[in-house]
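*Asks:* So here's upload_10.tsv (TSV, C-alpha atoms).
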chain	number	residue	atom	x	y	z
Q	10	MET	CA	24.19	-11.19	23.41
Q	11	GLU	CA	24.97	-7.64	24.59
Q	12	GLY	CA	23.18	-6.22	21.55
Q	13	GLU	CA	20.16	-8.40	22.23
Q	14	ILE	CA	19.97	-7.19	25.84
Q	15	LYS	CA	20.07	-3.57	24.62
Q	16	ASN	CA	17.28	-4.30	22.14
Q	17	LEU	CA	15.27	-6.02	24.86
Q	18	VAL	CA	15.62	-2.97	27.13
Q	19	LYS	CA	14.49	-0.67	24.29
Q	20	VAL	CA	11.49	-2.90	23.52
Q	21	TRP	CA	10.32	-3.06	27.12
Q	22	PHE	CA	10.92	0.66	27.63
Q	23	SER	CA	8.62	1.23	24.63
Q	24	ILE	CA	6.05	-1.06	26.22
Q	25	LEU	CA	6.23	0.83	29.53
Q	26	ALA	CA	5.85	4.20	27.77
Q	27	SER	CA	2.91	2.89	25.73
Q	28	LEU	CA	1.09	1.52	28.77
Q	29	SER	CA	1.71	4.79	30.64
Q	30	TYR	CA	-0.09	6.57	27.79
Q	31	CYS	CA	-2.95	4.06	28.07
Q	32	HIS	CA	-3.26	4.45	31.84
Q	33	PHE	CA	-2.91	8.21	32.19
Q	34	LEU	CA	-4.52	9.45	28.97
Q	35	VAL	CA	-6.60	6.81	27.20
Q	36	SER	CA	-8.36	5.81	30.43
Q	37	LYS	CA	-9.86	9.34	30.50
Q	38	VAL	CA	-11.48	8.80	27.08
Q	39	PRO	CA	-15.06	7.43	27.19
Q	40	LYS	CA	-15.21	3.70	26.61
Q	41	GLY	CA	-16.21	2.48	23.19
Q	42	LYS	CA	-15.12	3.25	19.64
Q	43	LEU	CA	-13.29	6.47	20.52
Q	44	ARG	CA	-11.14	4.75	23.16
Q	45	LEU	CA	-10.50	1.88	20.75
Q	46	PHE	CA	-9.34	4.40	18.12
Q	47	CYS	CA	-6.90	5.89	20.65
Q	48	LEU	CA	-5.54	2.42	21.42
Q	49	LEU	CA	-5.00	1.29	17.81
Q	50	PRO	CA	-1.48	2.85	17.49
Q	51	ILE	CA	-0.39	1.03	20.66
Q	52	ILE	CA	-1.81	-2.28	19.42
Q	53	TYR	CA	0.07	-1.78	16.15
Q	54	LEU	CA	3.28	-1.02	18.05
Q	55	PHE	CA	2.84	-4.13	20.17
Q	56	THR	CA	2.48	-6.14	16.96
Q	57	ILE	CA	5.84	-5.08	15.50
Q	58	LEU	CA	7.98	-4.97	18.67
Q	59	PRO	CA	9.12	-8.66	18.50
Q	60	PHE	CA	10.80	-7.95	15.15
Q	61	TYR	CA	13.43	-5.89	17.00
Q	62	LEU	CA	14.67	-9.01	18.81
Q	63	SER	CA	16.85	-11.71	17.25
Q	64	HIS	CA	16.78	-14.62	19.73
Q	65	VAL	CA	13.88	-17.08	19.56
Q	66	PHE	CA	13.07	-17.22	23.28
Q	67	PRO	CA	12.78	-13.46	24.03
Q	68	ARG	CA	11.02	-12.98	20.69
Q	69	GLY	CA	8.50	-15.66	21.56
Q	70	LEU	CA	7.89	-14.32	25.08
Q	71	THR	CA	7.43	-10.74	23.85
Q	72	ALA	CA	5.13	-11.87	21.03
Q	73	SER	CA	3.03	-13.91	23.48
Q	74	PHE	CA	2.92	-11.53	26.45
Q	75	ILE	CA	2.59	-8.28	24.51
Q	76	SER	CA	1.66	-8.78	20.84
Q	77	TRP	CA	-1.08	-11.30	21.68
Q	78	PHE	CA	-2.14	-11.14	25.34
Q	79	GLY	CA	-1.40	-7.44	25.84
Q	80	SER	CA	-3.21	-6.42	22.66
Q	81	PHE	CA	-6.27	-8.51	23.55
Q	82	LYS	CA	-6.34	-6.97	27.04
Q	83	LEU	CA	-6.24	-3.51	25.44
Q	84	LEU	CA	-9.15	-4.47	23.18
Q	85	LEU	CA	-11.16	-5.35	26.28
Q	86	PHE	CA	-9.93	-2.17	28.00
Q	87	ALA	CA	-11.36	-0.13	25.09
Q	88	PHE	CA	-14.82	-1.17	26.30
Q	89	ASP	CA	-13.87	-1.03	30.01
Q	90	LYS	CA	-13.77	-4.81	30.36
Q	91	GLY	CA	-11.13	-7.33	31.29
Q	92	PRO	CA	-8.30	-7.12	33.83
Q	93	LEU	CA	-7.37	-3.53	32.95
Q	94	SER	CA	-10.84	-2.07	33.46
Q	95	SER	CA	-11.64	0.26	36.33
Q	96	HIS	CA	-15.41	-0.13	36.39
Q	97	LEU	CA	-15.31	-1.62	39.90
Q	98	GLU	CA	-12.43	0.35	41.45
Q	99	PRO	CA	-9.56	2.56	40.19
Q	100	CYS	CA	-6.58	0.60	38.89
Q	101	PRO	CA	-3.25	1.98	40.26
Q	102	PHE	CA	-0.49	2.52	37.73
Q	103	ILE	CA	1.75	-0.37	38.87
Q	104	HIS	CA	-1.28	-2.69	38.90
Q	105	PHE	CA	-2.18	-1.60	35.37
Q	106	ILE	CA	1.36	-2.23	34.06
Q	107	LEU	CA	1.68	-5.65	35.66
Q	108	LYS	CA	-1.78	-6.82	34.62
Q	109	ALA	CA	-1.12	-5.71	31.04
Q	110	CYS	CA	2.33	-7.33	30.76
Q	111	VAL	CA	2.04	-10.44	32.91
Q	112	PRO	CA	0.00	-13.47	31.70
Q	113	VAL	CA	-2.13	-14.19	34.76
Q	114	LYS	CA	-5.80	-14.74	35.55
Q	115	ILE	CA	-7.16	-13.20	38.74
Q	116	LYS	CA	-9.40	-15.50	40.74
Q	117	GLU	CA	-12.95	-14.28	40.26
Q	118	TYR	CA	-14.25	-15.97	43.39
Q	119	ALA	CA	-11.59	-14.30	45.51
Q	120	LYS	CA	-13.80	-11.21	45.46
Q	121	ASN	CA	-17.17	-12.88	44.94
Q	122	PRO	CA	-17.14	-16.31	46.58
Q	123	SER	CA	-19.64	-18.73	45.14
Q	124	PRO	CA	-20.44	-22.32	46.03
Q	125	GLN	CA	-20.32	-23.13	42.31
Q	126	THR	CA	-16.64	-22.12	42.01
Q	127	PRO	CA	-14.55	-23.88	41.01
Q	128	GLN	CA	-16.90	-25.88	38.79
Q	129	THR	CA	-16.43	-29.56	38.12
Q	130	SER	CA	-17.71	-31.31	35.03
Q	131	GLN	CA	-19.80	-34.45	35.31
Q	132	ASN	CA	-17.24	-36.62	33.60
Q	133	SER	CA	-14.13	-35.09	35.14
Q	134	SER	CA	-11.70	-37.31	36.91
Q	135	PRO	CA	-12.38	-37.91	40.60
Q	136	ARG	CA	-10.58	-35.89	43.25
Q	137	HIS	CA	-8.27	-38.69	44.34
Q	138	SER	CA	-6.96	-39.18	40.79
Q	139	LYS	CA	-5.15	-35.81	40.66
Q	140	TRP	CA	-1.36	-35.86	40.58
Q	141	PRO	CA	-0.43	-32.20	40.93
Q	142	LEU	CA	3.11	-31.19	39.98
Q	143	ASN	CA	4.52	-28.39	42.12
Q	144	TRP	CA	6.81	-25.71	40.70
Q	145	PRO	CA	10.18	-27.21	41.78
Q	146	THR	CA	9.14	-30.56	40.30
Q	147	LYS	CA	8.26	-28.88	36.99
Q	148	VAL	CA	11.59	-27.05	36.91
Q	149	LEU	CA	13.47	-30.28	37.64
Q	150	LEU	CA	11.61	-32.22	34.95
Q	151	PHE	CA	12.14	-29.38	32.47
Q	152	ALA	CA	15.89	-29.29	33.21
Q	153	ILE	CA	16.12	-33.08	32.79
Q	154	LEU	CA	14.30	-33.00	29.43
Q	155	VAL	CA	16.42	-30.11	28.17
Q	156	SER	CA	19.62	-31.91	29.18
Q	157	ALA	CA	18.40	-35.19	27.67
Q	158	HIS	CA	17.84	-33.39	24.37
Q	159	ASN	CA	21.59	-33.73	23.72
Q	160	HIS	CA	21.08	-37.48	23.32
Q	161	LYS	CA	18.00	-37.37	21.10
Q	162	GLN	CA	19.83	-39.22	18.29
Q	163	HIS	CA	19.73	-42.35	20.47
Q	164	VAL	CA	15.96	-42.10	21.05
Q	165	HIS	CA	13.05	-43.03	18.79
Q	166	PRO	CA	11.76	-39.93	16.90
Q	167	LYS	CA	8.23	-40.39	18.27
Q	168	ILE	CA	9.58	-40.35	21.83
Q	169	VAL	CA	11.44	-37.13	20.99
Q	170	LEU	CA	8.21	-35.57	19.71
Q	171	LEU	CA	6.46	-36.66	22.91
Q	172	SER	CA	9.22	-34.97	24.92
Q	173	TYR	CA	8.56	-31.74	22.99
Q	174	SER	CA	4.93	-31.83	24.15
Q	175	CYS	CA	6.12	-32.22	27.75
Q	176	LEU	CA	8.62	-29.38	27.30
Q	177	VAL	CA	5.93	-27.03	25.99
Q	178	TYR	CA	3.62	-27.84	28.91
Q	179	LEU	CA	6.36	-27.46	31.51
Q	180	LEU	CA	7.79	-24.26	29.98
Q	181	ILE	CA	4.39	-22.55	29.82
Q	182	ASP	CA	3.57	-23.54	33.39
Q	183	ILE	CA	6.98	-22.46	34.72
Q	184	VAL	CA	6.85	-19.06	32.99
Q	185	PHE	CA	3.26	-18.44	34.04
Q	186	ASP	CA	4.00	-19.58	37.61
Q	187	ILE	CA	6.83	-17.03	37.76
Q	188	SER	CA	4.38	-14.39	36.50
Q	189	ASN	CA	1.86	-15.41	39.17
Q	190	GLY	CA	4.53	-15.13	41.86
Q	191	LEU	CA	5.63	-11.71	40.61
Q	192	LEU	CA	2.09	-10.32	40.61
Q	193	TYR	CA	1.21	-11.84	43.98
Q	194	ALA	CA	4.40	-10.54	45.61
Q	195	THR	CA	3.95	-7.09	44.09
Q	196	ILE	CA	0.26	-6.33	44.51
Q	197	GLY	CA	-1.01	-9.27	46.57
Q	198	LEU	CA	-3.69	-10.55	44.19
Q	199	GLU	CA	-4.82	-14.17	44.45
Q	200	LEU	CA	-4.39	-15.80	41.06
Q	201	ASP	CA	-5.54	-18.92	39.27
Q	202	PRO	CA	-2.83	-21.48	38.45
Q	203	PRO	CA	-1.61	-21.42	34.84
Q	204	SER	CA	-3.14	-24.83	34.18
Q	205	ASN	CA	-5.13	-27.47	35.98
Q	206	GLU	CA	-3.44	-30.84	35.40
Q	207	PRO	CA	-4.19	-30.99	31.64
Q	208	TYR	CA	-2.75	-34.52	31.55
Q	209	LEU	CA	-5.94	-35.59	33.42
Q	210	SER	CA	-8.39	-34.16	30.86
Q	211	THR	CA	-11.37	-36.38	30.19
Q	212	SER	CA	-12.51	-34.66	26.99
Q	213	LEU	CA	-11.38	-31.97	24.57
Q	214	GLN	CA	-13.88	-29.61	26.18
Q	215	ASP	CA	-12.31	-30.36	29.54
Q	216	PHE	CA	-8.79	-29.87	28.15
Q	217	TRP	CA	-9.31	-26.60	26.27
Q	218	GLY	CA	-12.01	-25.08	28.46
Q	219	LYS	CA	-10.94	-25.88	32.03
Q	220	ARG	CA	-7.43	-27.29	32.20
Q	221	TRP	CA	-5.01	-25.99	29.56
Q	222	ASN	CA	-3.57	-22.46	29.77
Q	223	ILE	CA	-6.41	-21.02	31.86
Q	224	MET	CA	-5.43	-17.37	31.34
Q	225	VAL	CA	-5.49	-17.64	27.52
Q	226	THR	CA	-8.76	-19.55	27.66
Q	227	ASP	CA	-10.31	-16.79	29.75
Q	228	LEU	CA	-8.93	-14.08	27.44
Q	229	LEU	CA	-10.34	-15.79	24.34
Q	230	ARG	CA	-13.64	-16.36	26.12
Q	231	HIS	CA	-14.12	-12.63	26.68
Q	232	THR	CA	-12.63	-11.31	23.42
Q	233	ILE	CA	-13.98	-13.87	20.93
Q	234	TYR	CA	-16.41	-16.43	22.35
Q	235	LYS	CA	-18.84	-14.13	24.18
Q	236	PRO	CA	-19.15	-11.47	21.42
Q	237	VAL	CA	-19.62	-14.10	18.69
Q	238	ARG	CA	-22.11	-16.03	20.80
Q	239	SER	CA	-24.09	-12.86	21.52
Q	240	PHE	CA	-24.15	-11.99	17.81
Q	241	SER	CA	-25.05	-15.54	16.75
Q	242	ASP	CA	-27.85	-15.67	19.30
Q	243	MET	CA	-29.80	-13.09	17.26
Q	244	PHE	CA	-29.82	-15.36	14.19
Q	245	LEU	CA	-29.50	-18.92	15.49
Q	246	GLY	CA	-31.07	-18.76	18.93
Q	247	PRO	CA	-29.55	-19.81	22.26
Q	248	LYS	CA	-29.45	-23.51	21.34
Q	249	TRP	CA	-27.11	-23.18	18.35
Q	250	ALA	CA	-25.32	-19.88	19.10
Q	251	PRO	CA	-22.47	-21.55	21.05
Q	252	LEU	CA	-21.38	-23.60	18.01
Q	253	PRO	CA	-20.09	-20.78	15.75
Q	254	ALA	CA	-18.69	-19.07	18.85
Q	255	ILE	CA	-16.64	-22.16	19.72
Q	256	LEU	CA	-15.35	-22.54	16.17
Q	257	ALA	CA	-14.52	-18.82	15.90
Q	258	THR	CA	-12.54	-19.03	19.15
Q	259	PHE	CA	-10.42	-21.90	17.86
Q	260	VAL	CA	-9.90	-20.18	14.49
Q	261	VAL	CA	-8.65	-17.00	16.18
Q	262	SER	CA	-6.46	-19.05	18.52
Q	263	GLY	CA	-4.98	-20.80	15.49
Q	264	LEU	CA	-4.30	-17.52	13.71
Q	265	MET	CA	-2.65	-16.03	16.80
Q	266	HIS	CA	-0.44	-19.12	17.16
Q	267	GLU	CA	0.38	-18.83	13.45
Q	268	ALA	CA	1.46	-15.23	14.04
Q	269	LEU	CA	3.45	-16.31	17.10
Q	270	PHE	CA	5.24	-18.98	15.04
Q	271	TYR	CA	5.98	-16.35	12.38
Q	272	PHE	CA	7.61	-14.12	15.00
Q	273	MET	CA	9.71	-17.04	16.23
Q	274	THR	CA	10.70	-18.57	12.88
Q	275	ARG	CA	10.65	-15.56	10.51
Q	276	ALA	CA	9.40	-18.05	7.89
Q	277	SER	CA	6.28	-17.77	5.75
Q	278	PRO	CA	3.21	-19.31	7.43
Q	279	THR	CA	2.34	-22.85	6.42
Q	280	TRP	CA	-1.06	-22.73	8.21
Q	281	GLU	CA	-0.45	-26.11	9.81
Q	282	VAL	CA	-0.84	-24.76	13.33
Q	283	THR	CA	-4.06	-23.00	12.29
Q	284	CYS	CA	-5.32	-26.33	10.95
Q	285	TYR	CA	-4.42	-27.90	14.30
Q	286	PHE	CA	-6.72	-25.55	16.19
Q	287	VAL	CA	-9.48	-25.66	13.56
Q	288	LEU	CA	-9.39	-29.47	13.77
Q	289	HIS	CA	-9.71	-29.34	17.55
Q	290	GLY	CA	-12.50	-26.78	17.29
Q	291	ALA	CA	-14.41	-29.08	14.94
Q	292	CYS	CA	-13.87	-32.01	17.30
Q	293	VAL	CA	-15.14	-29.96	20.25
Q	294	LEU	CA	-18.30	-29.19	18.24
Q	295	VAL	CA	-18.78	-32.91	17.69
Q	296	GLU	CA	-18.28	-33.52	21.41
Q	297	VAL	CA	-20.87	-30.86	22.29
Q	298	GLU	CA	-23.46	-32.43	20.00
Q	299	LEU	CA	-22.73	-35.97	21.16
Q	300	LYS	CA	-23.14	-34.92	24.78
Q	301	ARG	CA	-26.40	-33.22	23.85
Q	302	VAL	CA	-27.70	-36.32	22.06
Q	303	PHE	CA	-26.58	-38.76	24.76
Q	304	SER	CA	-27.44	-36.53	27.69
Q	305	GLY	CA	-28.23	-38.59	30.78
Q	306	GLN	CA	-26.41	-41.65	29.44
Q	307	PRO	CA	-23.42	-43.17	31.29
Q	308	GLN	CA	-20.16	-41.41	30.42
Q	309	LEU	CA	-16.84	-43.06	29.62
Q	310	HIS	CA	-14.80	-43.77	32.73
Q	311	TRP	CA	-11.95	-41.28	33.19
Q	312	ALA	CA	-9.43	-44.14	32.97
Q	313	VAL	CA	-10.55	-44.58	29.34
Q	314	SER	CA	-11.39	-41.02	28.32
Q	315	THR	CA	-8.20	-39.45	29.69
Q	316	PRO	CA	-5.72	-41.51	27.59
Q	317	LEU	CA	-7.93	-40.98	24.52
Q	318	THR	CA	-8.06	-37.23	25.05
Q	319	VAL	CA	-4.39	-36.68	25.87
Q	320	GLY	CA	-3.37	-39.08	23.09
Q	321	PHE	CA	-5.42	-37.14	20.55
Q	322	VAL	CA	-4.01	-33.77	21.69
Q	323	VAL	CA	-0.39	-34.99	21.59
Q	324	GLY	CA	-0.83	-37.06	18.42
Q	325	THR	CA	-2.30	-34.19	16.41
Q	326	ALA	CA	0.38	-31.85	17.83
Q	327	THR	CA	3.15	-34.07	16.43
Q	328	TRP	CA	1.33	-34.01	13.09
Q	329	LEU	CA	0.45	-30.30	12.77
Q	330	PHE	CA	1.82	-28.22	15.67
Q	331	PHE	CA	5.53	-29.05	15.88
Q	332	PRO	CA	6.57	-29.52	12.21
Q	333	PRO	CA	6.77	-25.74	11.41
Q	334	LEU	CA	9.07	-25.24	14.41
Q	335	LEU	CA	11.20	-28.27	13.54
Q	336	ARG	CA	11.64	-27.45	9.84
Q	337	THR	CA	12.90	-23.94	10.58
Q	338	GLY	CA	15.12	-25.01	13.47
Q	339	ALA	CA	13.31	-22.59	15.81
Q	340	LEU	CA	12.60	-25.32	18.35
Q	341	GLU	CA	16.25	-26.39	18.44
Q	342	ARG	CA	17.39	-22.78	18.92
Q	343	ALA	CA	14.82	-22.23	21.68
Q	344	ILE	CA	15.97	-25.36	23.52
Q	345	GLY	CA	19.58	-24.20	23.12
Q	346	GLU	CA	18.67	-20.82	24.63
Q	347	CYS	CA	16.93	-22.63	27.50
Q	348	LYS	CA	20.16	-24.58	28.12
Q	349	VAL	CA	22.12	-21.35	28.33
Q	350	THR	CA	19.57	-19.95	30.78
Q	351	LEU	CA	19.69	-23.09	32.95
Q	352	ASP	CA	23.51	-23.05	32.96
Q	353	PHE	CA	23.45	-19.41	34.00
Q	354	ALA	CA	20.99	-20.19	36.81
Q	355	LYS	CA	23.24	-23.04	38.01
Q	356	GLU	CA	26.24	-20.71	38.13
Q	357	MET	CA	24.24	-18.11	40.05
Q	358	ILE	CA	23.14	-20.74	42.59
Q	359	LYS	CA	26.75	-21.91	43.03
Q	360	HIS	CA	27.93	-18.36	43.68
Q	361	CYS	CA	25.10	-17.76	46.17
Q	362	THR	CA	25.88	-20.96	48.10
Would you kindly transcribe this structure into structure tokens?
*Replies:*
Amino acid sequence: MEGEIKNLVKVWFSILASLSYCHFLVSKVPKGKLRLFCLLPIIYLFTILPFYLSHVFPRGLTASFISWFGSFKLLLFAFDKGPLSSHLEPCPFIHFILKACVPVKIKEYAKNPSPQTPQTSQNSSPRHSKWPLNWPTKVLLFAILVSAHNHKQHVHPKIVLLSYSCLVYLLIDIVFDISNGLLYATIGLELDPPSNEPYLSTSLQDFWGKRWNIMVTDLLRHTIYKPVRSFSDMFLGPKWAPLPAILATFVVSGLMHEALFYFMTRASPTWEVTCYFVLHGACVLVEVELKRVFSGQPQLHWAVSTPLTVGFVVGTATWLFFPPLLRTGALERAIGECKVTLDFAKEMIKHCT
């Protein structure tokens, strides 16, 4: 453990030094290809840093926050776009570091209020049907599920797989909520929540576009969807341009998850997780066309569409998303590391009280 902590300090010191170079030197380079060229060594470094860590959980966090999110933010920064850009106002050093390292999405309407924000889809669930889970509730549920994992041999395997889906949702929300709190306490920015009750999604479009992992959705929208849609518009026209852009976004998301799984498992890719996202991308395309064909027709009631949507997301996850993590034992090791972290937190609370 002591060696892992030393490696973690070295990795994050490298990240801090790299982002200092980006802020103080690369930001002076004109935006475009030349700035991108100056950023390529940093993006490469961010890609290999998780290999210096041995534990699944810190490896996964570093691969997500830095190798994926940080690199994509730097790609946007090369063209003076995204959260690191300074086209509106100068970005102080501490703001630059936190925005680059922390997975958060700044509320756009905090600076430019609009009556259309936040938007609500026509077939989204009504306001009174929301059951928001606050942060302490999520932490409690996560701790219960992690503790209950010790007794999984007495539970049906499909229930265990369902619990993994809940663990992933809760873990992502807890980590991102901590990131939101850190950024808000440090620089006072108002931030979007990490997710928007994805268990109430009424369609795959609603789930992936508006409810699940909002920061990643926004990052993919600016790095993949918009450029591909703009390019496709020249050949296919505005009516059909969104289709290849949607599919390309899901393909890239699948490849990035495949890379993330490789960092965590150190096993050769099986491409199952890529197939998971490609499948969902294809289904979203079908949804888009069906909504276009049946525009103006009555939509399924949310009490019907929500179980269908969530059931499809979870069902396909048990088929394609979780098997690579289960076969390699990475999921078991990650849960074990979470147990150690929870036990440490309990001891700290006891000492404080």
*Asks:* If we count all atoms listed in the file and set the cut-off at 10 Å, which residues sit around Asn189 of chain Q, ignoring sequence neighbours fewer than 4 positions away in its own chain? Please answer as a list of chain:residue names.
*Replies:*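 Contacts, with the query itself left out: Q:Val111, Q:Pro112, Q:Val113, Q:Lys114, Q:Ile115, Q:Ile183, Q:Val184, Q:Phe185, Q:Tyr193, Q:Ala194, Q:Thr195, Q:Leu198, Q:Glu199, Q:Leu200, Q:Asp201, Q:Pro202, Q:Pro203.
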*Asks:* For the residues selected in the previous step, produce a file with C-alpha atoms as an mmCIF file, in the coordinates of the input.
*Replies:*
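After the write, again.cif holds the following:
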data_model
loop_
_atom_site.group_PDB
_atom_site.id
_atom_site.type_symbol
_atom_site.label_atom_id
_atom_site.label_comp_id
_atom_site.auth_asym_id
_atom_site.auth_seq_id
_atom_site.Cartn_x
_atom_site.Cartn_y
_atom_site.Cartn_z
ATOM 1 C CA VAL Q 111 2.040 -10.440 32.910
ATOM 2 C CA PRO Q 112 0.000 -13.470 31.700
ATOM 3 C CA VAL Q 113 -2.130 -14.190 34.760
ATOM 4 C CA LYS Q 114 -5.800 -14.740 35.550
ATOM 5 C CA ILE Q 115 -7.160 -13.200 38.740
ATOM 6 C CA ILE Q 183 6.980 -22.460 34.720
ATOM 7 C CA VAL Q 184 6.850 -19.060 32.990
ATOM 8 C CA PHE Q 185 3.260 -18.440 34.040
ATOM 9 C CA TYR Q 193 1.210 -11.840 43.980
ATOM 10 C CA ALA Q 194 4.400 -10.540 45.610
ATOM 11 C CA THR Q 195 3.950 -7.090 44.090
ATOM 12 C CA LEU Q 198 -3.690 -10.550 44.190
ATOM 13 C CA GLU Q 199 -4.820 -14.170 44.450
ATOM 14 C CA LEU Q 200 -4.390 -15.800 41.060
ATOM 15 C CA ASP Q 201 -5.540 -18.920 39.270
ATOM 16 C CA PRO Q 202 -2.830 -21.480 38.450
ATOM 17 C CA PRO Q 203 -1.610 -21.420 34.840
#
*Asks:* Using only C-alpha atoms, give me every residue within 7 Å of (-24.3, -18.1, 17.9) in file coordinates, as an NGL selection string.
*Replies:* :Q and (237-242 or 245-246 or 249-254)
*Asks:* Which residues of segment 208-248 of chain Q come within 12 Å of segment 273-292 of chain Q, and for each one, what is the closest pair of atoms and their distance in Å to one decimal, counting all atoms listed in the file, sorted by chain and residue number, as JSON lines?
*Replies:*
{"residue": "Q:Ser212", "atom": "CA", "partner": "Q:Cys292", "partner_atom": "CA", "distance": 10.1}
{"residue": "Q:Leu213", "atom": "CA", "partner": "Q:His289", "partner_atom": "CA", "distance": 7.7}
{"residue": "Q:Gln214", "atom": "CA", "partner": "Q:Cys292", "partner_atom": "CA", "distance": 9.2}
{"residue": "Q:Phe216", "atom": "CA", "partner": "Q:His289", "partner_atom": "CA", "distance": 10.7}
{"residue": "Q:Trp217", "atom": "CA", "partner": "Q:His289", "partner_atom": "CA", "distance": 9.1}
{"residue": "Q:Gly218", "atom": "CA", "partner": "Q:Gly290", "partner_atom": "CA", "distance": 11.3}
*Asks:* Using all atoms listed in the file for the distances, tell me which of Q:Val295, Q:Val35, Q:Trp311, Q:Leu176 is nearest to Leu149 of chain Q.
*Replies:*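 Between Q:Val295, Q:Val35, Q:Trp311, Q:Leu176, the residue approaching Leu149 of chain Q most closely is Q:Leu176.
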*Asks:* Which residues come within 12 Å of Lys167 of chain Q, counting all atoms listed in the file, excluding same-chain residues fewer than 3 positions away, as JSON, numbers by chain?
*Replies:* {"Q": [161, 162, 163, 164, 170, 171, 172, 173, 174, 323, 324, 326, 327, 328, 331]}
*Asks:* Using all atoms listed in the file, can you tell me which of Q:Ser210, Q:Thr71, Q:Thr226, Q:Thr337 comes closest to Ser314 of chain Q?
*Replies:*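 For Ser314 of chain Q, the nearest of the candidates is Q:Ser210.
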*Asks:* Out of Q:Cys100, Q:Leu299, Q:Val322, Q:Leu62, which residue has the shortest atom-to-atom distance to Ile14 of chain Q when counting only C-alpha atoms?
*Replies:*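 Checking each candidate against Ile14 of chain Q, we get Q:Leu62 as the closest.
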*Asks:* Which residue is closest to Glu13 of chain Q? Choose from Q:Leu49, Q:Ile344, Q:Leu107, Q:Val65 and count only C-alpha atoms.
*Replies:* Q:Val65
*Asks:* Output: segment 75-116 of chain Q of the preceding structure, restricted to C-alpha atoms, written as an mmCIF file, in the first residue's frame.
*Replies:*
data_model
loop_
_atom_site.group_PDB
_atom_site.id
_atom_site.type_symbol
_atom_site.label_atom_id
_atom_site.label_comp_id
_atom_site.auth_asym_id
_atom_site.auth_seq_id
_atom_site.Cartn_x
_atom_site.Cartn_y
_atom_site.Cartn_z
ATOM 1 C CA ILE Q 75 -7.010 12.049 -16.785
ATOM 2 C CA SER Q 76 -6.482 9.581 -19.647
ATOM 3 C CA TRP Q 77 -10.026 10.059 -20.970
ATOM 4 C CA PHE Q 78 -11.673 13.226 -19.634
ATOM 5 C CA GLY Q 79 -8.472 15.238 -19.246
ATOM 6 C CA SER Q 80 -7.215 14.337 -22.726
ATOM 7 C CA PHE Q 81 -10.556 15.220 -24.324
ATOM 8 C CA LYS Q 82 -10.578 18.566 -22.494
ATOM 9 C CA LEU Q 83 -7.081 19.246 -23.832
ATOM 10 C CA LEU Q 84 -8.274 18.427 -27.360
ATOM 11 C CA LEU Q 85 -10.974 21.067 -26.971
ATOM 12 C CA PHE Q 86 -8.445 23.448 -25.397
ATOM 13 C CA ALA Q 87 -6.283 23.121 -28.538
ATOM 14 C CA PHE Q 88 -9.034 24.968 -30.410
ATOM 15 C CA ASP Q 89 -9.876 27.267 -27.463
ATOM 16 C CA LYS Q 90 -13.104 25.435 -26.668
ATOM 17 C CA GLY Q 91 -14.439 23.553 -23.687
ATOM 18 C CA PRO Q 92 -14.008 24.201 -19.956
ATOM 19 C CA LEU Q 93 -10.308 25.096 -20.231
ATOM 20 C CA SER Q 94 -10.735 27.804 -22.863
ATOM 21 C CA SER Q 95 -10.178 31.466 -22.082
ATOM 22 C CA HIS Q 96 -12.111 32.994 -24.974
ATOM 23 C CA LEU Q 97 -14.584 34.641 -22.591
ATOM 24 C CA GLU Q 98 -12.311 35.520 -19.658
ATOM 25 C CA PRO Q 99 -8.816 34.522 -18.440
ATOM 26 C CA CYS Q 100 -8.718 31.204 -16.607
ATOM 27 C CA PRO Q 101 -6.683 31.424 -13.343
ATOM 28 C CA PHE Q 102 -4.150 28.672 -12.742
ATOM 29 C CA ILE Q 103 -6.036 26.928 -9.904
ATOM 30 C CA HIS Q 104 -9.246 27.054 -11.965
ATOM 31 C CA PHE Q 105 -7.423 25.525 -14.939
ATOM 32 C CA ILE Q 106 -5.985 22.672 -12.844
ATOM 33 C CA LEU Q 107 -9.288 21.820 -11.175
ATOM 34 C CA LYS Q 108 -11.326 22.008 -14.377
ATOM 35 C CA ALA Q 109 -8.818 19.753 -16.140
ATOM 36 C CA CYS Q 110 -8.622 17.133 -13.370
ATOM 37 C CA VAL Q 111 -12.116 17.119 -11.896
ATOM 38 C CA PRO Q 112 -15.040 15.543 -13.825
ATOM 39 C CA VAL Q 113 -17.648 18.284 -13.578
ATOM 40 C CA LYS Q 114 -19.926 20.205 -15.927
ATOM 41 C CA ILE Q 115 -20.377 23.915 -15.301
ATOM 42 C CA LYS Q 116 -23.961 25.110 -15.569
#
